[in-house]
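*Asks:* Dumping the structure here so I can ask a few things about it.
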Amino acid sequence: MAILKVENLKKFFGGVKAVNGVSVEVERGEVLGVIGPNGAGKTTFFNVISGVYNPDGGKIIFLDKEIQGLTSFQIARLGIARTFQIVKPFGDMTVLDNVISAIGINRYKSIWGSFKNSRVSETVSKAKRLLKMVELEEYEKEKAGALSLGYIKRLEIARALGINPKIIMLDEPCAGLSHDAVKDFIQLFKKLKIEGLTIMMVEHNMPIAMALCDRMIVLDYGEKIAEGKPKEIQGNEKVIEAYLGKEEEEDA
Amino acid sequence: MLLQQIINGIVVGSVYSLTAMGVTLIYSILRVLDIACAGAYALGAYVGLFSYVATGNLVLSFLIGMIAMGIWGILVQKFLYLPLLGKSPLISLITSIGLFIFLGDFIRLWAGPLIRDFPADLKLPFSGIKTENLTIMSVWILVLLITAILLLILWYLITKTKIGLAWRATAQDLETAKAMGINVNVVVAFNFFLGYSFAAAAGIMIGIMYNYIFPTMGDVPAYKMLAIIVLGGLGNPLGAVTAAMLIGLIETLVGGYIGFFLPRDSIAFIVVIIMLLIKPQGLFVRKNI
Amino acid sequence: MYEIVIAINVGIFALLALSVNIITGYIGQPTLGHAAFFGIGAYASAILTGKYGVPFLLSLPLSGVIAGFIGALLGFASLRVRDDFLAITTIGTNFVVVAIFQYIPFFGASLGLAVPPAYIFGMKITYLGYLFLIISLIVLTVLFLRKLERSWFGLAMGGIRNNEVAAESIGVDIKKYKVIAFVLGTTIAGIAGCVYAHYMTFISSVDFAFVTSITILSMAMVGGSGTIRGPIIGAIILGLAPEVLRFIMNYRMLIYGALLVFTMRFQPEGLLGERSFLWTNITKLFKKIYSKKEMESGIEDGNS
């Protein structure tokens, strides 16, 4: 059962067709990988779905509701969470507050309601539970900005989970991480799967992507050039060409 | 009459463009709105005056004033702005305002609160033009000449030299420039040297034009330059010059022709507010030279 | 008596510093023309009580509402104009507002405006009364800000201050919160203006110029941006400095400028900011004392 349907999505920046007619259906509970060479438009694709950009064409249907054109906070409230390729922690706030702030997603709807106390035991314990899940509970009083990159990435996941999402979009969760940090991420990822979350993941690290995803789509120059299970993608000639071609470009 | 006003406006605009250039250069490199640059404007005028009184040589006085303020600029960026890089812009803004207040009072204590006369008997190699419809004073020609020379030197430095290339790279992305091996410290120091020396030149020129200077002479330019560089597109040197000329012309024409009921110095801000509401990124979007 | 006047002044500026801190310290928007709203409140109240005979107690909130309304406009402008451009727009707003007060006869133009003395329940407010009033207003504001800091509103503001895109990704409507923050900050400034106008009994445009905006902002930042103690301490330090430094009156501005430079350079979060030298040491000291007490009572319990 498709939880998210993307139909012919387009996003242009001036003359650049960053996303050019991409369609895909995401099944409930699956892990969908979005891969492709540098500049393929993967993050832009995520940005359009999560509402950071408005699309120039196409539809996005989430739980039978069209969401293209909605603002990113509206889309978040509908249940789509995300992390960011370039991390965006709430740096001067504590780790705990970073997660609590997300738990309040429904509180931000009404100005009057948002004046209520945020540190009630219910939210605090939920936040601590999430921190425990990403193994950051001992840092709860630290300022988020003081953490190392790997920890901030875990914090972003905890924060994203705080909004109680139906689907979580991870944008390059392993980028810039050390070997050990990647291993930690894989452990965390397994926990996420146990929760039954639907996960979309942009990942440049091929072995990780292949190992963790149920299905993948491959983008190149804004277009979808392949879709299927990791084994199928591995052998796909178009995909290999796209990556090799880019390598040649970079070597030149 | 209109032509006279236009010429007046261009002269005023020239002085504005040098001062605005100082602030723009600094903004391009460090993304700091440096109000203290107007302090270099005022202090430079005083140094210029004292040099002229001591030496009687106008060119030398300009040079002394400009170099003195250039060196001051190097010190300011090294000890104040570079360490504050990456912090909230409000912090460097308050710092620059604090520095500006300090400089203004310093001048008052050093040179006295009263206005100082700039000697009017400047011997210039050319004379002004005086017809029945038009008066162009010789000092105005001097101002236009110096402005043109300085801006040309700047243009040459930025576009044709190696350090200019380094400057442009640093202005685009400081971290990347550093990573590429550019000695960013030298570029920033060079940048401040230029910016502050230009401001000093402008201050001296104002002193020559109006024949007097005073400790708070930097107050109005401090804020007006902000309006001008926003109008010209923050960090865009060509835009800054254009905007400066524009404001100089508007102020002169509107003030001279229409008895405007709001003070002259507000004009720049009114223009900027109107423009920002229509085009929030500025009239000229930040150019990559 | 003289001390009371000084206290009232410090109090008014403490209120102003607390109000500007909502916009700069909490939600992170540069606003460099806050004195404009101080002035709008002052002039509004002067006209309300002076020309229309509105009772003082009513003009107090009304001045706030009027200032807050204009503040909302600036809030909407902040949605369109960002960062450095916004900073300059706020400066420009200050200049324009002051120019309006300075040139339009309705506001007394350059002669300024006389303000009738204020009466509460038929009694004329004395200096002591004004002191009591301003302290009450500060207390109310502090209570409000404490509630704000602990609420979802406070978290939303923190999100916006740190990273707007991330804040939106957790459901925060940035536009709404920015405008409201501006409204809150400018409304309080307007109320401060009303108190100022009536206690001074005379106001002129000069009182609300850009210099005053910088004073207010530097009080908040020198004291401690984003905290409640910061603006109050900042107002006390920078407000009392002219009095304390009376003997070196001649060097006042020099010292003021230097103070701003050195504080921002070495303690950019403010003297009592979260990570400042003073605050971390004060909290360390308190923790030491507290844990010592705990230890001592623990030993006592163990012995008995």
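By order in the structure tokens, chains are A, B, ...; within a chain, residues start at 1; ligands start at 1, following the order shown.
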Can you list, as a count of residues only, all residues belonging to range 16-260 of chain B that DSSP tags as alpha helix (DSSP H)?

*Replies:* 177

*Asks:* With a cut-off of 10 Å, could you pull out the residues of range 106-225 of chain C touching range 151-175 of chain A and give me the nearest pair of atoms for each, distance in Å to one decimal, using only C-alpha atoms, ordered by chain and ascending number, as JSON lines?

*Replies:*
```
{"residue": "C:Ala166", "atom": "CA", "partner": "A:Glu156", "partner_atom": "CA", "distance": 9.4}
{"residue": "C:Ser169", "atom": "CA", "partner": "A:Ala160", "partner_atom": "CA", "distance": 8.1}
{"residue": "C:Ile170", "atom": "CA", "partner": "A:Ile163", "partner_atom": "CA", "distance": 6.4}
{"residue": "C:Gly171", "atom": "CA", "partner": "A:Ile163", "partner_atom": "CA", "distance": 8.2}
```

*Asks:* Using only C-alpha atoms, which of the listed residues (A:Tyr221, A:Phe115, A:Tyr243, A:Tyr139) sits closest to Val22 in chain A?

*Replies:* A:Tyr221

*Asks:* Starting from chain A, keep only residues with some atom at most 8 Å from an atom of chain C, counting only C-alpha atoms, and report them as a PyMOL selection string.

*Replies:* chain A and resi 50+52+72-77+81-82+88-93+97+101-102+104-109+111+114-119+160+163

*Asks:* Take the residues from that selection and write them out as a JSON list (two decimals), in the first residue's frame, keeping N, CA and C atoms.

*Replies:*
```json
[["chain", "number", "residue", "atom", "x", "y", "z"],
["A", 50, "SER", "N", 9.61, 17.63, 0.98],
["A", 50, "SER", "CA", 9.39, 18.11, 2.35],
["A", 50, "SER", "C", 8.94, 19.57, 2.39],
["A", 52, "VAL", "N", 10.50, 22.37, 1.31],
["A", 52, "VAL", "CA", 11.48, 23.46, 1.37],
["A", 52, "VAL", "C", 11.44, 24.25, 0.05],
["A", 72, "SER", "N", 6.62, 23.78, 4.28],
["A", 72, "SER", "CA", 7.28, 22.65, 4.92],
["A", 72, "SER", "C", 6.74, 22.38, 6.32],
["A", 73, "PHE", "N", 6.27, 23.41, 7.01],
["A", 73, "PHE", "CA", 5.75, 23.11, 8.34],
["A", 73, "PHE", "C", 4.40, 22.41, 8.27],
["A", 74, "GLN", "N", 3.64, 22.72, 7.22],
["A", 74, "GLN", "CA", 2.37, 22.00, 7.04],
["A", 74, "GLN", "C", 2.63, 20.54, 6.72],
["A", 75, "ILE", "N", 3.64, 20.31, 5.87],
["A", 75, "ILE", "CA", 3.96, 18.95, 5.50],
["A", 75, "ILE", "C", 4.48, 18.18, 6.70],
["A", 76, "ALA", "N", 5.27, 18.85, 7.54],
["A", 76, "ALA", "CA", 5.76, 18.19, 8.75],
["A", 76, "ALA", "C", 4.58, 17.78, 9.62],
["A", 77, "ARG", "N", 3.61, 18.67, 9.74],
["A", 77, "ARG", "CA", 2.46, 18.36, 10.60],
["A", 77, "ARG", "C", 1.65, 17.20, 10.06],
["A", 81, "ALA", "N", 8.81, 13.57, 8.25],
["A", 81, "ALA", "CA", 9.95, 14.12, 8.98],
["A", 81, "ALA", "C", 11.19, 13.97, 8.12],
["A", 82, "ARG", "N", 12.22, 14.75, 8.45],
["A", 82, "ARG", "CA", 13.43, 14.61, 7.66],
["A", 82, "ARG", "C", 14.65, 15.01, 8.47],
["A", 88, "LYS", "N", 21.51, 20.63, 10.68],
["A", 88, "LYS", "CA", 20.92, 21.86, 11.16],
["A", 88, "LYS", "C", 20.40, 21.68, 12.59],
["A", 89, "PRO", "N", 21.31, 21.54, 13.51],
["A", 89, "PRO", "CA", 20.85, 21.39, 14.89],
["A", 89, "PRO", "C", 20.42, 22.74, 15.44],
["A", 90, "PHE", "N", 19.68, 22.72, 16.53],
["A", 90, "PHE", "CA", 19.40, 23.97, 17.24],
["A", 90, "PHE", "C", 20.57, 24.16, 18.20],
["A", 91, "GLY", "N", 21.63, 24.74, 17.67],
["A", 91, "GLY", "CA", 22.93, 24.71, 18.33],
["A", 91, "GLY", "C", 23.02, 25.27, 19.74],
["A", 92, "ASP", "N", 22.31, 26.38, 20.03],
["A", 92, "ASP", "CA", 22.48, 26.95, 21.36],
["A", 92, "ASP", "C", 21.47, 26.38, 22.36],
["A", 93, "MET", "N", 20.68, 25.40, 21.92],
["A", 93, "MET", "CA", 19.74, 24.76, 22.84],
["A", 93, "MET", "C", 20.30, 23.40, 23.27],
["A", 97, "ASP", "N", 16.32, 19.71, 24.72],
["A", 97, "ASP", "CA", 15.39, 20.68, 24.17],
["A", 97, "ASP", "C", 15.21, 20.52, 22.67],
["A", 101, "SER", "N", 11.46, 20.10, 21.42],
["A", 101, "SER", "CA", 10.87, 21.07, 20.51],
["A", 101, "SER", "C", 10.12, 20.38, 19.39],
["A", 102, "ALA", "N", 10.60, 19.21, 18.97],
["A", 102, "ALA", "CA", 9.92, 18.50, 17.90],
["A", 102, "ALA", "C", 8.64, 17.83, 18.40],
["A", 104, "GLY", "N", 6.62, 18.92, 20.33],
["A", 104, "GLY", "CA", 5.55, 19.92, 20.42],
["A", 104, "GLY", "C", 4.91, 20.25, 19.10],
["A", 105, "ILE", "N", 5.11, 19.42, 18.09],
["A", 105, "ILE", "CA", 4.68, 19.78, 16.74],
["A", 105, "ILE", "C", 3.24, 20.25, 16.67],
["A", 106, "ASN", "N", 2.38, 19.61, 17.43],
["A", 106, "ASN", "CA", 0.99, 20.03, 17.34],
["A", 106, "ASN", "C", 0.69, 21.26, 18.19],
["A", 107, "ARG", "N", 1.59, 21.59, 19.09],
["A", 107, "ARG", "CA", 1.37, 22.75, 19.95],
["A", 107, "ARG", "C", 1.56, 24.05, 19.19],
["A", 108, "TYR", "N", 2.36, 23.97, 18.09],
["A", 108, "TYR", "CA", 2.69, 25.22, 17.42],
["A", 108, "TYR", "C", 1.53, 25.72, 16.57],
["A", 109, "LYS", "N", 0.47, 24.92, 16.51],
["A", 109, "LYS", "CA", -0.64, 25.35, 15.65],
["A", 109, "LYS", "C", -1.34, 26.57, 16.21],
["A", 111, "ILE", "N", -1.29, 29.85, 18.74],
["A", 111, "ILE", "CA", -0.40, 30.73, 19.49],
["A", 111, "ILE", "C", -0.72, 30.64, 20.97],
["A", 114, "SER", "N", 0.50, 27.49, 22.46],
["A", 114, "SER", "CA", 1.94, 27.35, 22.54],
["A", 114, "SER", "C", 2.53, 28.01, 23.77],
["A", 115, "PHE", "N", 1.71, 28.72, 24.53],
["A", 115, "PHE", "CA", 2.23, 29.31, 25.75],
["A", 115, "PHE", "C", 2.28, 28.31, 26.90],
["A", 116, "LYS", "N", 1.72, 27.13, 26.64],
["A", 116, "LYS", "CA", 1.72, 26.14, 27.72],
["A", 116, "LYS", "C", 3.15, 25.65, 27.99],
["A", 117, "ASN", "N", 3.32, 25.18, 29.20],
["A", 117, "ASN", "CA", 4.62, 24.67, 29.62],
["A", 117, "ASN", "C", 5.04, 23.47, 28.79],
["A", 118, "SER", "N", 6.27, 23.53, 28.31],
["A", 118, "SER", "CA", 6.73, 22.44, 27.45],
["A", 118, "SER", "C", 7.42, 21.34, 28.24],
["A", 119, "ARG", "N", 7.79, 21.63, 29.47],
["A", 119, "ARG", "CA", 8.59, 20.65, 30.20],
["A", 119, "ARG", "C", 7.73, 19.71, 31.06],
["A", 160, "ALA", "N", 13.74, 14.30, 14.49],
["A", 160, "ALA", "CA", 12.77, 13.99, 13.44],
["A", 160, "ALA", "C", 11.73, 13.01, 13.97],
["A", 163, "ILE", "N", 8.48, 14.21, 16.04],
["A", 163, "ILE", "CA", 7.20, 14.70, 15.53],
["A", 163, "ILE", "C", 6.25, 13.57, 15.24]]
```

*Asks:* Quick check for you: according to DSSP on this backbone, which residues of range 46-258 of chain C are classed as strand (DSSP E or B)? Reply as an NGL selection string.

*Replies:* :C and (113-114 or 119-120 or 123-124 or 151 or 202-203)

*Asks:* Mind dumping a table of every chain C residue within 8 Å of chain B, with the nearest atom pair and its distance in Å to one decimal, using only C-alpha atoms, sorted by chain and rising number, as a Markdown table?

*Replies:*
```
| residue | atom | partner | partner_atom | distance |
| --- | --- | --- | --- | --- |
| C:Pro30 | CA | B:Leu90 | CA | 6.7 |
| C:Ala77 | CA | B:Leu277 | CA | 7.4 |
| C:Arg80 | CA | B:Pro280 | CA | 6.5 |
| C:Val81 | CA | B:Pro280 | CA | 5.2 |
| C:Arg82 | CA | B:Pro280 | CA | 7.7 |
| C:Asp84 | CA | B:Leu33 | CA | 7.9 |
| C:Phe85 | CA | B:Val230 | CA | 6.8 |
| C:Ile88 | CA | B:Leu226 | CA | 6.8 |
| C:Thr89 | CA | B:Ile273 | CA | 6.1 |
| C:Gly92 | CA | B:Phe269 | CA | 5.1 |
| C:Thr93 | CA | B:Ile273 | CA | 7.9 |
| C:Phe95 | CA | B:Ser266 | CA | 6.5 |
| C:Val96 | CA | B:Ser266 | CA | 6.6 |
| C:Ala99 | CA | B:Leu262 | CA | 6.5 |
| C:Ile100 | CA | B:Leu262 | CA | 7.6 |
| C:Tyr103 | CA | B:Leu262 | CA | 6.6 |
| C:Ile214 | CA | B:Ile94 | CA | 7.9 |
| C:Ser218 | CA | B:Ile94 | CA | 6.9 |
| C:Tyr251 | CA | B:Asp105 | CA | 7.8 |
| C:Met253 | CA | B:Asp105 | CA | 6.2 |
| C:Leu254 | CA | B:Phe102 | CA | 4.7 |
| C:Ile255 | CA | B:Phe102 | CA | 7.3 |
| C:Tyr256 | CA | B:Gly98 | CA | 7.3 |
| C:Gly257 | CA | B:Gly98 | CA | 4.1 |
| C:Ala258 | CA | B:Phe102 | CA | 6.1 |
| C:Leu259 | CA | B:Gly98 | CA | 7.5 |
| C:Leu260 | CA | B:Gly98 | CA | 5.0 |
| C:Val261 | CA | B:Thr95 | CA | 4.7 |
| C:Phe262 | CA | B:Thr95 | CA | 7.9 |
| C:Met264 | CA | B:Thr95 | CA | 5.9 |
| C:Arg265 | CA | B:Leu80 | CA | 6.6 |
| C:Pro268 | CA | B:Ile91 | CA | 6.5 |
```

*Asks:* Please, could you write that set of residues out with C-alpha atoms as a compact mmCIF listing (two decimals), in the first residue's frame?

*Replies:*
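Just written: out30.txt:
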```txt
# COMPACT_ATOMS: atom_id res chain seq x y z
CA PRO C 30 18.21 42.10 14.09
CA ALA C 77 8.47 43.48 6.67
CA ARG C 80 10.26 39.86 3.21
CA VAL C 81 13.56 41.44 4.08
CA ARG C 82 16.25 39.36 5.66
CA ASP C 84 21.52 42.56 7.09
CA PHE C 85 18.86 44.10 4.91
CA ILE C 88 19.19 48.43 7.89
CA THR C 89 15.45 48.56 7.37
CA GLY C 92 15.70 53.36 8.49
CA THR C 93 12.41 52.91 10.29
CA PHE C 95 15.07 57.55 11.25
CA VAL C 96 11.77 57.92 9.47
CA ALA C 99 11.69 62.53 11.30
CA ILE C 100 7.92 62.32 11.41
CA TYR C 103 8.60 67.72 11.36
CA ILE C 214 21.73 51.40 20.21
CA SER C 218 23.65 47.28 23.86
CA TYR C 251 35.50 60.56 29.26
CA MET C 253 31.50 58.29 25.83
CA LEU C 254 35.04 57.07 25.46
CA ILE C 255 34.49 54.55 28.23
CA TYR C 256 31.05 53.62 26.92
CA GLY C 257 32.45 52.93 23.47
CA ALA C 258 35.34 50.96 24.89
CA LEU C 259 32.97 48.98 27.10
CA LEU C 260 30.90 47.97 24.10
CA VAL C 261 33.96 46.98 22.11
CA PHE C 262 35.60 44.96 24.86
CA MET C 264 31.49 42.17 22.46
CA ARG C 265 35.03 41.16 21.67
CA PRO C 268 30.03 38.26 23.05
```

*Asks:* Env of Glu243 in chain C: 10 Å cut, atoms = only C-alpha atoms, seq-sep filter 6 positions within chain, self excluded. Answer as an MDAnalysis selection string.

*Replies:* chainID C and resid 6 249 252

*Asks:* So how far away is CA of Ala240 in chain B from CA of Arg168 in chain B, in Å?

*Replies:*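 One can read the CA of Arg168 in chain B to CA of Ala240 in chain B distance as 16.2 Å.
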
*Asks:* What is the distance, in Å and to one decimal place, between CA of Ile67 in chain B and CA of Phe190 in chain B?

*Replies:* 11.7 Å

*Asks:* In terms of the shortest atom-to-atom distance over only C-alpha atoms, which of A:Asp56, A:Glu66, A:Asp214, A:Glu227 is closest to Thr198 in chain A?

*Replies:*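 Among A:Asp56, A:Glu66, A:Asp214, A:Glu227, it is A:Asp214 that comes nearest to Thr198 in chain A.
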
*Asks:* Could you please determine the separation between CA of Ala17 in chain C and CA of Leu217 in chain C in Å, to one decimal place?

*Replies:*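 CA of Leu217 in chain C lies at a distance of 6.4 Å from CA of Ala17 in chain C.
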